[in-house]
Amino acid sequence: MRGSRRTSSPSNPFDLNAYLARSTATVNRALDRFLPSERTRPTTLHRAMRYPLFAGGKRLRPALCLAAAEACGGRWDEALPLACAVECIHTYSLIHDDLPCMDDDDLRRGQPTCHVKFRTGDDAAGRQRGEAMALLAGDALLTFAFEIAGQCRAWPRYSHRDILLEIARAAGSRQLIAGQVADLEGEGRAVTARELRYIHERKTAALLCCAVRLGGMSANCTPLQLQALTDFGYHVGLAFQVIDDILDVTQSSKTLGKTAGKDVAAQKATYPAIVGLEKSRSIAAQLTNKAFTALRPFRGRAAALDALAQFLLKRDR
């Protein structure tokens with residue numbers, strides 16, 4: 001399946017809602033095909049893997065992966081295993097983030113979180129079993145991401161080794177997990193703006209950047225294109241998390257589909273807490289403008305990436 005080659009203009013604006021609907025449906029079908037069914041033993045584990053993975057959401061990371069492939073002249077079907085792998089990693093990270101030993105959240109995307117859903121009772125033993133199943137579901141999704149990614153084909157500039165290293169580094173102890181560790185260690189103490197940037201670069205920007213880089217690799221992109229995608233993903237990823245910080249203090253739980261005010265309650269480091277709300281909004285706008293600048297080498301072929309960046313800046317949930 002080929003992605004859209006449309007570019008936006010005043011007379012022909014890019015329809016992001018239609019694009020996201022199409023990319024989400026495509027990714028959902030692929031994930032359903034890749035993952036073991038709920039009837040596959042152990043059935044509880046596979047239900048626990050599927051539950052948060054199909055709990056809704058706009059599949060922004062896969063959409064960014066597919067859009068990056070388009071920008072480099074590639075095809076959705078070539079990028080799809082990589083887009084699905086990134087979504088599995090993202091979902092695993094959310095499952096673990098929500099656990100009582102981490103952020104202790106009972107709500108995600110308007111639904112009970114995985115450890116709550118799979119409790120076997122309200123007593124301590126029932127809650128513990130729910131937490132254990134969620135932990136294992138997250139572990140399984142992380143591992144399965146590599147199984148999915150391994151099904152992509154190699155490209156002249158990018159081997160299977162390059163693809164697997166890209167994913168492993170983004171999800172590993174120096175990026176995604178490093179951000180979570182720094183976030184935990186920052187609770188209840190004064191965190192500098194520099195430390196907060198380190199957290200956001202790793203906890204959020206690393207995987208978003210990985211998604212767009214993988215999309216480019218699936219199109220056998222040039223080194224110049226890969227660098228442009230890296231710049232784009234880095235700045236959009238930071239902007240995304242700054243906006244997340246803003247929404248946590250400006251929106252309700254109903255609007256967000258998750259518990260609002262948790263960052264404040266947990267004394268987490270956030271941009272509004274450190275630099276104020278208006279300055280945070282200004283930083284998000286600056287980061288997104290830098291992302292737009294990074295798209296210039298694509299000369300109009302990155303309409304989807306441009307629209308996605310605008311959506312990330314203007315979203316209210």
# chains A, B, ... in the order shown; residues from 1 in each chain; ligands from 1
>>> residues_around(residues="Cys101 of chain A", least_positions_apart="6", cutoff="12 Å", atoms="only C-alpha atoms", output="mmCIF file with C-alpha atoms, in the first residue's frame")
data_model
loop_
_atom_site.group_PDB
_atom_site.id
_atom_site.type_symbol
_atom_site.label_atom_id
_atom_site.label_comp_id
_atom_site.auth_asym_id
_atom_site.auth_seq_id
_atom_site.Cartn_x
_atom_site.Cartn_y
_atom_site.Cartn_z
ATOM 1 C CA ILE A 95 1.967 -0.177 30.942
ATOM 2 C CA HIS A 115 -2.739 -3.675 36.079
ATOM 3 C CA GLN A 128 -0.499 -8.131 43.066
ATOM 4 C CA GLU A 131 0.452 -5.870 38.631
ATOM 5 C CA ALA A 132 2.424 -9.012 37.789
ATOM 6 C CA LEU A 135 4.535 -6.245 34.104
ATOM 7 C CA LEU A 184 11.772 9.030 39.099
#
>>> residues_around(residues="Tyr51 of chain A", least_positions_apart="5", cutoff="9 Å", atoms="only C-alpha atoms", output="list in words")
His46, Cys114 and Lys117 of chain A
>>> select_by_dssp(residues="segment 104-298 of chain A", states="strand (DSSP E or B)", output="list in words")
Leu107, Arg108, Gln111 and Pro112 of chain A
>>> write_last_selection(atoms="N, CA and C atoms", output="PDB file, in the first residue's frame")
ATOM      1  N   LEU A 107      -5.990   5.061  35.319  1.00  0.00           N
ATOM      2  CA  LEU A 107      -6.730   5.436  34.117  1.00  0.00           C
ATOM      3  C   LEU A 107      -5.772   5.768  32.987  1.00  0.00           C
ATOM      4  N   ARG A 108      -6.055   5.240  31.802  1.00  0.00           N
ATOM      5  CA  ARG A 108      -5.253   5.517  30.605  1.00  0.00           C
ATOM      6  C   ARG A 108      -6.181   5.474  29.402  1.00  0.00           C
ATOM      7  N   GLN A 111      -9.721   4.453  30.010  1.00  0.00           N
ATOM      8  CA  GLN A 111     -10.003   3.074  30.405  1.00  0.00           C
ATOM      9  C   GLN A 111      -9.127   2.685  31.602  1.00  0.00           C
ATOM     10  N   PRO A 112      -9.542   1.659  32.363  1.00  0.00           N
ATOM     11  CA  PRO A 112      -8.672   1.177  33.444  1.00  0.00           C
ATOM     12  C   PRO A 112      -7.308   0.770  32.890  1.00  0.00           C
TER      13      PRO A 112
END
>>> select_by_dssp(residues="segment 85-209 of chain A", states="helix (DSSP H, G or I)", output="number ranges by chain")
A: 85-98, 114-117, 124-149, 160-171, 176-186, 193-209
>>> closest_residue(among="A:Ala269, A:Cys65, A:Ile167, A:Arg153", to="Phe232 of chain A", atoms="only C-alpha atoms")
A:Cys65
>>> closest_atom_pairs(of="segment 76-138 of chain A", to="segment 199-217 of chain A", cutoff="7 Å", atoms="only C-alpha atoms", output="tab-separated table")
residue	atom	partner	partner_atom	distance
A:Ala79	CA	A:Gly215	CA	5.7
A:Leu82	CA	A:Leu214	CA	6.5
A:Ala83	CA	A:Ala211	CA	6.8
A:Val86	CA	A:Ala211	CA	6.4
>>> closest_residue(among="A:Leu313, A:Ala294, A:Leu94, A:Ala219", to="Ile246 of chain A", atoms="only C-alpha atoms")
A:Leu313
>>> residues_around(residues="Asp306 of chain A", least_positions_apart="4", cutoff="8 Å", atoms="only C-alpha atoms", output="list in words")
Phe292, Leu295, Ala302 and Gln310 of chain A
>>> write_last_selection(atoms="N, CA and C atoms", output="mmCIF file, in the first residue's frame")
data_model
loop_
_atom_site.group_PDB
_atom_site.id
_atom_site.type_symbol
_atom_site.label_atom_id
_atom_site.label_comp_id
_atom_site.auth_asym_id
_atom_site.auth_seq_id
_atom_site.Cartn_x
_atom_site.Cartn_y
_atom_site.Cartn_z
ATOM 1 N N PHE A 292 9.730 22.305 11.782
ATOM 2 C CA PHE A 292 9.302 22.701 10.438
ATOM 3 C C PHE A 292 10.507 23.028 9.570
ATOM 4 N N LEU A 295 12.254 20.202 7.863
ATOM 5 C CA LEU A 295 11.574 19.553 6.732
ATOM 6 C C LEU A 295 11.899 20.191 5.383
ATOM 7 N N ALA A 302 6.752 16.513 2.417
ATOM 8 C CA ALA A 302 6.567 16.148 3.820
ATOM 9 C C ALA A 302 5.304 16.779 4.399
ATOM 10 N N GLN A 310 2.076 20.173 13.440
ATOM 11 C CA GLN A 310 1.106 21.194 13.831
ATOM 12 C C GLN A 310 0.064 20.624 14.793
#
>>> residues_around(residues="Cys88 of chain A", least_positions_apart="3", cutoff="12 Å", atoms="only C-alpha atoms", output="ChimeraX atom specification")
/A:27-28,30-32,34-35,49-54,59,61-62,81-85,91-95,137-149,167,171,207,211
>>> write_last_selection(atoms="C-alpha atoms", output="short mmCIF file (atom, residue, chain, number, x, y, z; two decimals), in the first residue's frame")
data_model
loop_
_atom_site.label_atom_id
_atom_site.label_comp_id
_atom_site.auth_asym_id
_atom_site.auth_seq_id
_atom_site.Cartn_x
_atom_site.Cartn_y
_atom_site.Cartn_z
CA VAL A 27 -1.57 -0.06 11.74
CA ASN A 28 -4.38 -1.68 13.75
CA ALA A 30 -1.17 -5.02 10.99
CA LEU A 31 -0.85 -5.22 14.79
CA ASP A 32 -3.80 -7.59 14.95
CA PHE A 34 1.32 -9.66 13.97
CA LEU A 35 0.28 -10.35 17.58
CA MET A 49 -0.83 -7.49 25.72
CA ARG A 50 -3.72 -6.69 23.40
CA TYR A 51 -5.84 -4.77 25.90
CA PRO A 52 -3.69 -1.61 26.15
CA LEU A 53 -2.46 -1.92 22.57
CA PHE A 54 -6.02 -1.65 21.22
CA ARG A 59 -1.17 5.98 16.74
CA ARG A 61 4.33 7.33 16.45
CA PRO A 62 3.37 4.86 13.71
CA PRO A 81 6.59 -3.60 10.55
CA LEU A 82 8.76 -0.80 11.96
CA ALA A 83 5.76 1.41 12.72
CA CYS A 84 4.13 -1.49 14.59
CA ALA A 85 7.33 -2.26 16.49
CA THR A 91 2.60 0.67 24.77
CA TYR A 92 4.97 -1.36 26.92
CA SER A 93 6.38 1.87 28.35
CA LEU A 94 2.87 3.10 29.22
CA ILE A 95 1.97 -0.18 30.94
CA ALA A 137 2.55 -7.96 29.28
CA GLY A 138 4.90 -4.99 29.02
CA ASP A 139 7.94 -7.26 28.92
CA ALA A 140 6.30 -9.35 26.19
CA LEU A 141 5.41 -6.31 24.07
CA LEU A 142 8.97 -4.98 24.26
CA THR A 143 10.35 -8.34 23.18
CA PHE A 144 7.71 -8.77 20.49
CA ALA A 145 8.65 -5.40 18.99
CA PHE A 146 11.95 -6.91 17.89
CA GLU A 147 10.19 -9.96 16.46
CA ILE A 148 8.00 -7.67 14.35
CA ALA A 149 10.89 -5.44 13.28
CA ILE A 167 15.32 0.35 18.08
CA ALA A 171 14.45 1.89 23.99
CA LEU A 207 11.13 7.10 20.62
CA ALA A 211 9.93 6.39 14.65
#
>>> closest_residue(among="A:Ala63, A:Ala304, A:Leu99, A:Leu176", to="Met133 of chain A", atoms="only C-alpha atoms")
A:Leu99
>>> decode(residues="segment 29-103 of chain A", atoms="C-alpha atoms", output="PDB file, in the first residue's frame")
ATOM      1  CA  ARG A  29      -4.890  -4.340  11.100  1.00  0.00           C
ATOM      2  CA  ALA A  30      -1.169  -5.021  10.995  1.00  0.00           C
ATOM      3  CA  LEU A  31      -0.848  -5.220  14.791  1.00  0.00           C
ATOM      4  CA  ASP A  32      -3.801  -7.592  14.952  1.00  0.00           C
ATOM      5  CA  ARG A  33      -2.111  -9.753  12.326  1.00  0.00           C
ATOM      6  CA  PHE A  34       1.320  -9.664  13.968  1.00  0.00           C
ATOM      7  CA  LEU A  35       0.285 -10.346  17.583  1.00  0.00           C
ATOM      8  CA  PRO A  36      -0.775 -13.749  18.919  1.00  0.00           C
ATOM      9  CA  SER A  37      -4.556 -13.988  19.286  1.00  0.00           C
ATOM     10  CA  GLU A  38      -6.309 -13.908  22.661  1.00  0.00           C
ATOM     11  CA  ARG A  39      -6.887 -17.642  22.270  1.00  0.00           C
ATOM     12  CA  THR A  40      -3.158 -18.398  22.103  1.00  0.00           C
ATOM     13  CA  ARG A  41      -1.698 -19.784  25.318  1.00  0.00           C
ATOM     14  CA  PRO A  42      -1.012 -18.249  27.735  1.00  0.00           C
ATOM     15  CA  THR A  43      -4.337 -16.601  27.019  1.00  0.00           C
ATOM     16  CA  THR A  44      -4.304 -14.165  29.941  1.00  0.00           C
ATOM     17  CA  LEU A  45      -0.938 -12.799  28.866  1.00  0.00           C
ATOM     18  CA  HIS A  46      -1.993 -12.303  25.267  1.00  0.00           C
ATOM     19  CA  ARG A  47      -5.223 -10.598  26.386  1.00  0.00           C
ATOM     20  CA  ALA A  48      -3.140  -8.340  28.630  1.00  0.00           C
ATOM     21  CA  MET A  49      -0.832  -7.491  25.721  1.00  0.00           C
ATOM     22  CA  ARG A  50      -3.720  -6.691  23.402  1.00  0.00           C
ATOM     23  CA  TYR A  51      -5.845  -4.769  25.903  1.00  0.00           C
ATOM     24  CA  PRO A  52      -3.694  -1.609  26.154  1.00  0.00           C
ATOM     25  CA  LEU A  53      -2.458  -1.924  22.575  1.00  0.00           C
ATOM     26  CA  PHE A  54      -6.020  -1.652  21.218  1.00  0.00           C
ATOM     27  CA  ALA A  55      -7.387   0.736  23.853  1.00  0.00           C
ATOM     28  CA  GLY A  56      -7.585   3.656  21.417  1.00  0.00           C
ATOM     29  CA  GLY A  57      -5.323   6.555  20.580  1.00  0.00           C
ATOM     30  CA  LYS A  58      -4.259   8.143  17.297  1.00  0.00           C
ATOM     31  CA  ARG A  59      -1.172   5.983  16.740  1.00  0.00           C
ATOM     32  CA  LEU A  60       0.969   9.092  16.392  1.00  0.00           C
ATOM     33  CA  ARG A  61       4.334   7.325  16.451  1.00  0.00           C
ATOM     34  CA  PRO A  62       3.366   4.861  13.714  1.00  0.00           C
ATOM     35  CA  ALA A  63       1.850   7.751  11.738  1.00  0.00           C
ATOM     36  CA  LEU A  64       5.140   9.632  12.010  1.00  0.00           C
ATOM     37  CA  CYS A  65       7.003   6.544  10.828  1.00  0.00           C
ATOM     38  CA  LEU A  66       4.744   6.119   7.790  1.00  0.00           C
ATOM     39  CA  ALA A  67       4.818   9.847   6.996  1.00  0.00           C
ATOM     40  CA  ALA A  68       8.624   9.869   7.146  1.00  0.00           C
ATOM     41  CA  ALA A  69       8.720   6.976   4.694  1.00  0.00           C
ATOM     42  CA  GLU A  70       6.472   8.956   2.331  1.00  0.00           C
ATOM     43  CA  ALA A  71       8.654  12.059   2.627  1.00  0.00           C
ATOM     44  CA  CYS A  72      11.604   9.985   1.399  1.00  0.00           C
ATOM     45  CA  GLY A  73       9.676   8.412  -1.462  1.00  0.00           C
ATOM     46  CA  GLY A  74       8.925   5.157   0.349  1.00  0.00           C
ATOM     47  CA  ARG A  75       5.849   2.989   0.817  1.00  0.00           C
ATOM     48  CA  TRP A  76       3.681   2.230   3.810  1.00  0.00           C
ATOM     49  CA  ASP A  77       3.961  -1.532   3.410  1.00  0.00           C
ATOM     50  CA  GLU A  78       7.752  -1.301   3.679  1.00  0.00           C
ATOM     51  CA  ALA A  79       7.572   0.811   6.852  1.00  0.00           C
ATOM     52  CA  LEU A  80       4.651  -0.982   8.507  1.00  0.00           C
ATOM     53  CA  PRO A  81       6.593  -3.596  10.552  1.00  0.00           C
ATOM     54  CA  LEU A  82       8.757  -0.805  11.964  1.00  0.00           C
ATOM     55  CA  ALA A  83       5.760   1.405  12.723  1.00  0.00           C
ATOM     56  CA  CYS A  84       4.131  -1.491  14.592  1.00  0.00           C
ATOM     57  CA  ALA A  85       7.335  -2.256  16.492  1.00  0.00           C
ATOM     58  CA  VAL A  86       7.538   1.333  17.727  1.00  0.00           C
ATOM     59  CA  GLU A  87       3.912   1.214  18.882  1.00  0.00           C
ATOM     60  CA  CYS A  88       4.556  -1.983  20.836  1.00  0.00           C
ATOM     61  CA  ILE A  89       7.479  -0.323  22.603  1.00  0.00           C
ATOM     62  CA  HIS A  90       5.417   2.777  23.317  1.00  0.00           C
ATOM     63  CA  THR A  91       2.596   0.673  24.770  1.00  0.00           C
ATOM     64  CA  TYR A  92       4.970  -1.362  26.923  1.00  0.00           C
ATOM     65  CA  SER A  93       6.376   1.869  28.349  1.00  0.00           C
ATOM     66  CA  LEU A  94       2.871   3.099  29.218  1.00  0.00           C
ATOM     67  CA  ILE A  95       1.967  -0.177  30.942  1.00  0.00           C
ATOM     68  CA  HIS A  96       5.070   0.036  33.104  1.00  0.00           C
ATOM     69  CA  ASP A  97       4.670   3.791  33.724  1.00  0.00           C
ATOM     70  CA  ASP A  98       1.182   3.188  35.110  1.00  0.00           C
ATOM     71  CA  LEU A  99       2.245   0.544  37.636  1.00  0.00           C
ATOM     72  CA  PRO A 100       1.961   1.394  41.370  1.00  0.00           C
ATOM     73  CA  CYS A 101       5.761   1.255  41.693  1.00  0.00           C
ATOM     74  CA  MET A 102       6.056   3.952  39.015  1.00  0.00           C
ATOM     75  CA  ASP A 103       3.345   6.580  38.362  1.00  0.00           C
TER      76      ASP A 103
END
